[in-house]
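A.B. asks: This is the structure, below, for whatever I ask next.
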Amino acid sequence: MAITLNVNGKRRSAPAAPDTPLLYVLRNDMELNSCKYGCGMAQCGACTVLMDGKAIRSCTTPASAVTRAQITTLEGLGTPDKLHVLQKAFIEEQAAQCGFCVSGMIMSAKALLDTNKNPSEAEIRGALAGNLCRCGTHTRIIKAVQRAAKEMSA
Amino acid sequence: MNAPFPHNISRRRFLKQSAGLTVGFTLAASPLSFAQQAAGKPAPLPGSLQTNRMLDGWLRINPNGTVTMMTGKIELGQGITTALSQIVCDELDVALSRLEIISGDTARTPNEGVTSGSLSIQDSGTALRFASAEARDILVQAAAAKLNVPAGDLKVEDGSIVAPNGGRATYWELTTDGLLKREATAKAKPKPTAQHKMIGQSLQRRDIPPKVTGGVAYVQDMRLPGMLFGRVVRPPSPRARLLSINDAAVRRMPGVVAVHRDGNFVAVAALREEQVIAARAALRAGAKWEEKGDLPASGPALYAQMKTRRTVDTIVSQKTDAAAAASGAKSVQAQYTRPFAAHASIGPSCAVAQFKDGKMQVWTHSQGVFPLRGDLSKMLRMPEASITVTHREGSGCYGHNGADDVAADAALLARAPELKGRPVKLQWMREDEFGWEPMGSAMVIDMKASVDAGGKVVDWSHELWSHTHSTRPYDPDGCNLLASWYIADALPAGPSRNIPQPSGGSDRNSVPLYVFPQQKVTNHLLVEMPLRTSALRTLGAYANVFALESFMDEMAAAAGADPVEFRLKHLTDPRARAVIESVAAKAGYQPAKGGDGRQGRGVAFAKYKNLAVYVAVIADIEIDRASGQIRVTRAFATADAGLLINPDGVKNQIEGGMVQSTSWTLHESLPYDSTGVKAHSWAEYPILRFTEVPQVEVTLINMPEERSLGVGEGSQGPMAAAIANAFANATGKRIRDLPLSAEKVKAILA
């Protein structure tokens, strides 16, 4: 049994049953640490990835439903040596405490900035409203998204 | 009503059993042995050097040009490893890039107990500061001998020791195996503030880059060769007994390697994570339990009942001045309450364990690897020397959550014979986290005070009822690991205890910093614990400050005074006054400005534990009278934390505390019924969302000549009271029962 997906621009296979949640294929088979288990019920956003540019919850998406789509995870945005503007902005703003929610935050923000280059603060808050943070770093996350938006449009 | 485990195991039996088990139980971390050490009269040493006295336990200077720093404190996302590295590099005169950090490892680091109570800079930071200064001194002395130059003439730059005549020696050449193998003396003076290069700088945190790039950052990211995935099958409620289980059928499911039952404890291991989740679901569906439903009611009935329970009573503070008290012109009394609350980490608890050749290795996000090892030893009936516990970061914990319990679950499963020494990563499901983490205790606080004709408080009383706020592992009279209460050879939980003053547990921050001529503070610790409670960030301080600071506003109203002016009138500590004056200035505070029923502004203050950071908060709120929703639009804080090691790190903690407290204060109450907790997901335990988060502005007062004060729990209490005071300011009505939910707002405004 194997499933083949397009992940971060590459075709990759995993020995998983078709109904396996995308989260576990990405996290365990493809060793993509950014995809986090938070609730398994699409309530917290820690597992957010992009499917054809749209933010989805990988914990409730069966892998078999996305075999034809382009999946992007945080690892597909940038690397420690070549950071994506959003990753850089999160570091500049020190927009994390424990950081467990942060990859989901960045992916939701990426989906927002791809369709809205100059979002208002209210639009940023709205786009991230489905992502939970417990440490209370929300205000820094908003600043990081604003910084990235500015830099992307500069 | 008994403790929250199914069997009544007598503590006497436990003590008999454990006495013959191992000599490892009373290790250096217990308060008793601290006292014993002090009685033996070794010279007192600063911070955690007192209990971990060898220099090479803290630092290694390596011939390859690196420095290894070892700390018993651990990273929780609070930035402590970055702050400690700033201290070490400044004192040692080495670049940050040379520093390697080992933290929280029973095999490799000092035993500093638990990373809690906002004490890491004070305990570990102080120890490392003195250890580094002394190590630098030792290296400079060695260079002086080698170069034949007086030590006072030498300068150090990034580990290179330079003499005026151009002679050079480096730490990396001078270091020898035995160089730091000596007891610290703390005689080398740490550098004065003027010479700090890294202390006081907002350096970027070391732990953030991997967290924003998908690096290996958490215990959840660990992958070991042959590693299995594990899950635990918890009962439907804490007092349930397992009658039967369909383990044979589940063993035949795809990928299942082991179904491990030990009494009422059940766990399962499989090759793949989705397989173990399916197996867990099948076990839950097929297991038959006998449940017990005898938990107390929630809400007002709970609070009334708490006051009738068996308690241990302590007078926390008492000042008597009958003449002053007799001058009281107006008296006010009120009851404040808070419900049970959850830590509610975003990532459920997770641990990796491996049992091989008689040795147990556990990786987890516990705040205290040494105390955890102690309780694992009791539960596993293995000597401590055969167990290693290593910290790996997890999702933020905010106190005693499931980090220790999940390690116990993983360790029990790792010993299942079917695993044959393979490592297993056991993660709780979301419902396990809500259902089984220890919760923050509900509290009832009765306030009573009088003011005299001049508007001064002359008599003050603060009386509180609470369950314990501290049931962490390593209690001498029990085992505080969840699984240990369910295995066939079950152990008893430790009894309810209160952390004594001056920091306090339930009574933390119950003693006012305001100067009142007569006052009495009483703590009623409930002996029985129907619901399992333990340390949730701030312990009792959140509710005590909520009550105390709300009540200060009530007394100000009774005195016809402005809340800011009223506070200042009763404060003599200049640093306390300074943070209040600062936040008032920053917020453009205007006295005597009443709200219009929809908008309001509130102020509050606390010095955390009366020992740590000073924080004053002003919160602005808007009330949607139709929906009953309170929205905190903006909040200001000023904090004085003494010498700031990393100002941005301090700001992050104060800001985060304000936002987390907004969530606690507006939304949070853990639902339960007669059998157990009824929150299984974020739907039953909603927390603050982005759309509700206030704008936050934090001002820091740097006091470089004062010692550093802990900041991690400083803003939560003041934020809660500031919100409540803003509501009273807006509406003229006061909600004294947390949380300030939409239903309560609607009811009080109706």
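Just remember, in the structure tokens the first chain shown is A, the second B, etc., residues are 1-based per chain, and ligands are 1-based in the order shown.
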Any chance you could tabulate, as CSV, the residues of chain A at most 7 Å from chain B with each one's nearest atom pair and distance in Å to one decimal, using only C-alpha atoms, in chain and rising number order?

C.D. replies:
```
residue,atom,partner,partner_atom,distance
A:Thr20,CA,B:Glu274,CA,6.5
A:Tyr24,CA,B:Glu273,CA,6.9
A:Leu32,CA,B:Gly214,CA,6.6
A:Asn33,CA,B:Gly214,CA,5.0
A:Ser34,CA,B:Gly214,CA,4.3
A:Tyr37,CA,B:Gly347,CA,6.5
A:Gly38,CA,B:Gly347,CA,4.6
A:Cys39,CA,B:Arg430,CA,5.0
A:Gln43,CA,B:Trp682,CA,6.6
A:Leu74,CA,B:Thr213,CA,6.4
A:Glu75,CA,B:Gly214,CA,5.7
A:Gly78,CA,B:Thr213,CA,6.9
A:Thr79,CA,B:Thr213,CA,6.0
A:Pro80,CA,B:Thr213,CA,6.3
A:Gln87,CA,B:Val212,CA,5.9
A:Ile91,CA,B:Ile208,CA,6.7
A:Gln94,CA,B:Gln204,CA,6.9
A:Gln97,CA,B:Gly77,CA,4.3
A:Cys98,CA,B:Gly77,CA,3.8
A:Gly99,CA,B:Lys211,CA,6.0
A:Phe100,CA,B:Ser395,CA,5.4
A:Val102,CA,B:Val212,CA,6.6
A:Ser103,CA,B:Val212,CA,6.1
A:Arg125,CA,B:Phe690,CA,5.2
A:Gly126,CA,B:Thr691,CA,6.3
A:Leu128,CA,B:Phe690,CA,6.4
A:Ala129,CA,B:Phe690,CA,5.0
A:Leu132,CA,B:Arg689,CA,6.5
A:Cys133,CA,B:Ile346,CA,7.0
A:Arg134,CA,B:Ile346,CA,6.4
A:Cys135,CA,B:Gly656,CA,5.6
A:Gly136,CA,B:Gly656,CA,4.0
A:Thr137,CA,B:Gly656,CA,5.5
A:His138,CA,B:Phe690,CA,6.5
A:Thr139,CA,B:Gln695,CA,6.8
```

A.B. asks: Per DSSP on the backbone, what are the alpha helix (DSSP H) residues of region 19-104 of chain A, as a list in words?

C.D. replies: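 Selection result, alpha helix (DSSP H) within region 19-104 of chain A: Leu22, Leu23, Tyr24, Val85, Leu86, Gln87, Lys88, Ala89, Phe90, Ile91, Glu92, Val102, Ser103 and Gly104 of chain A.
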
A.B. asks: I'd like the neighbourhood of Ala69 (chain A) as a list in words, where a residue qualifies if any of its atoms comes within 7 Å (using only C-alpha atoms), though same-chain residues fewer than 5 positions away should be ignored.

C.D. replies: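 Once the nearby chain positions are removed, what remains is Asn6, Met51 and Asp52 of chain A.
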
A.B. asks: As a ChimeraX atom specification, please: the residues near Cys89 (chain B) (cut-off 12 Å, only C-alpha atoms, same-chain neighbours under 2 positions excluded).

C.D. replies: /B:59,66-69,82-87,91-101,125,128-129,131-133,135-136,156-159,190-191,196-199

A.B. asks: Just the residues within 9 Å of region 111-118 of chain A, please, counting only C-alpha atoms, with nothing from its chain fewer than 6 positions along; format it as a list in words.

C.D. replies: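 The neighbour list is Leu50, Gly53, Lys54, Ala55, Ile124, Ala127, Leu128, Val145, Gln146, Ala148, Ala149, Lys150, Met152 and Ser153 of chain A.
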
A.B. asks: When you draw a straight line from CA of Ser103 (chain B) to CA of Thr71 (chain B), how long is it in Å?

C.D. replies: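 That distance, rounded to one decimal, is 4.8 Å.
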
A.B. asks: Go through region 200-380 of chain B and collect every residue that DSSP, computed from the backbone, puts in strand (DSSP E or B); the answer should be as a PyMOL selection string.

C.D. replies: chain B and resi 228-232+241-244+256-262+265-270+288-290+311-319+328-338+341+350-356+359-364

A.B. asks: Rounded to one decimal, what separation in Å do you get between CA of Glu554 (chain B) and CA of Ala641 (chain B)?

C.D. replies: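 Taking CA of Glu554 (chain B) and CA of Ala641 (chain B), their separation equals 28.4 Å.
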
A.B. asks: Can you pull out the residues contacting Phe551 (chain B)? Cut-off 9 Å, using only C-alpha atoms, and skip same-chain residues under 6 positions away; I want them as a list of chain:residue names.

C.D. replies: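 The contact residues come out as B:Val332, B:Gln333, B:Ala334, B:Met447, B:Lys448, B:Ala449.
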
A.B. asks: Excluding Cys59 (chain A) and any residue of its chain fewer than 5 positions from it, enumerate the residues within 6 Å of it, using only C-alpha atoms, and give them as a list in words.

C.D. replies: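 Residues near the query, excluding close chain neighbours: Pro21, Leu23 and Gly40 of chain A.
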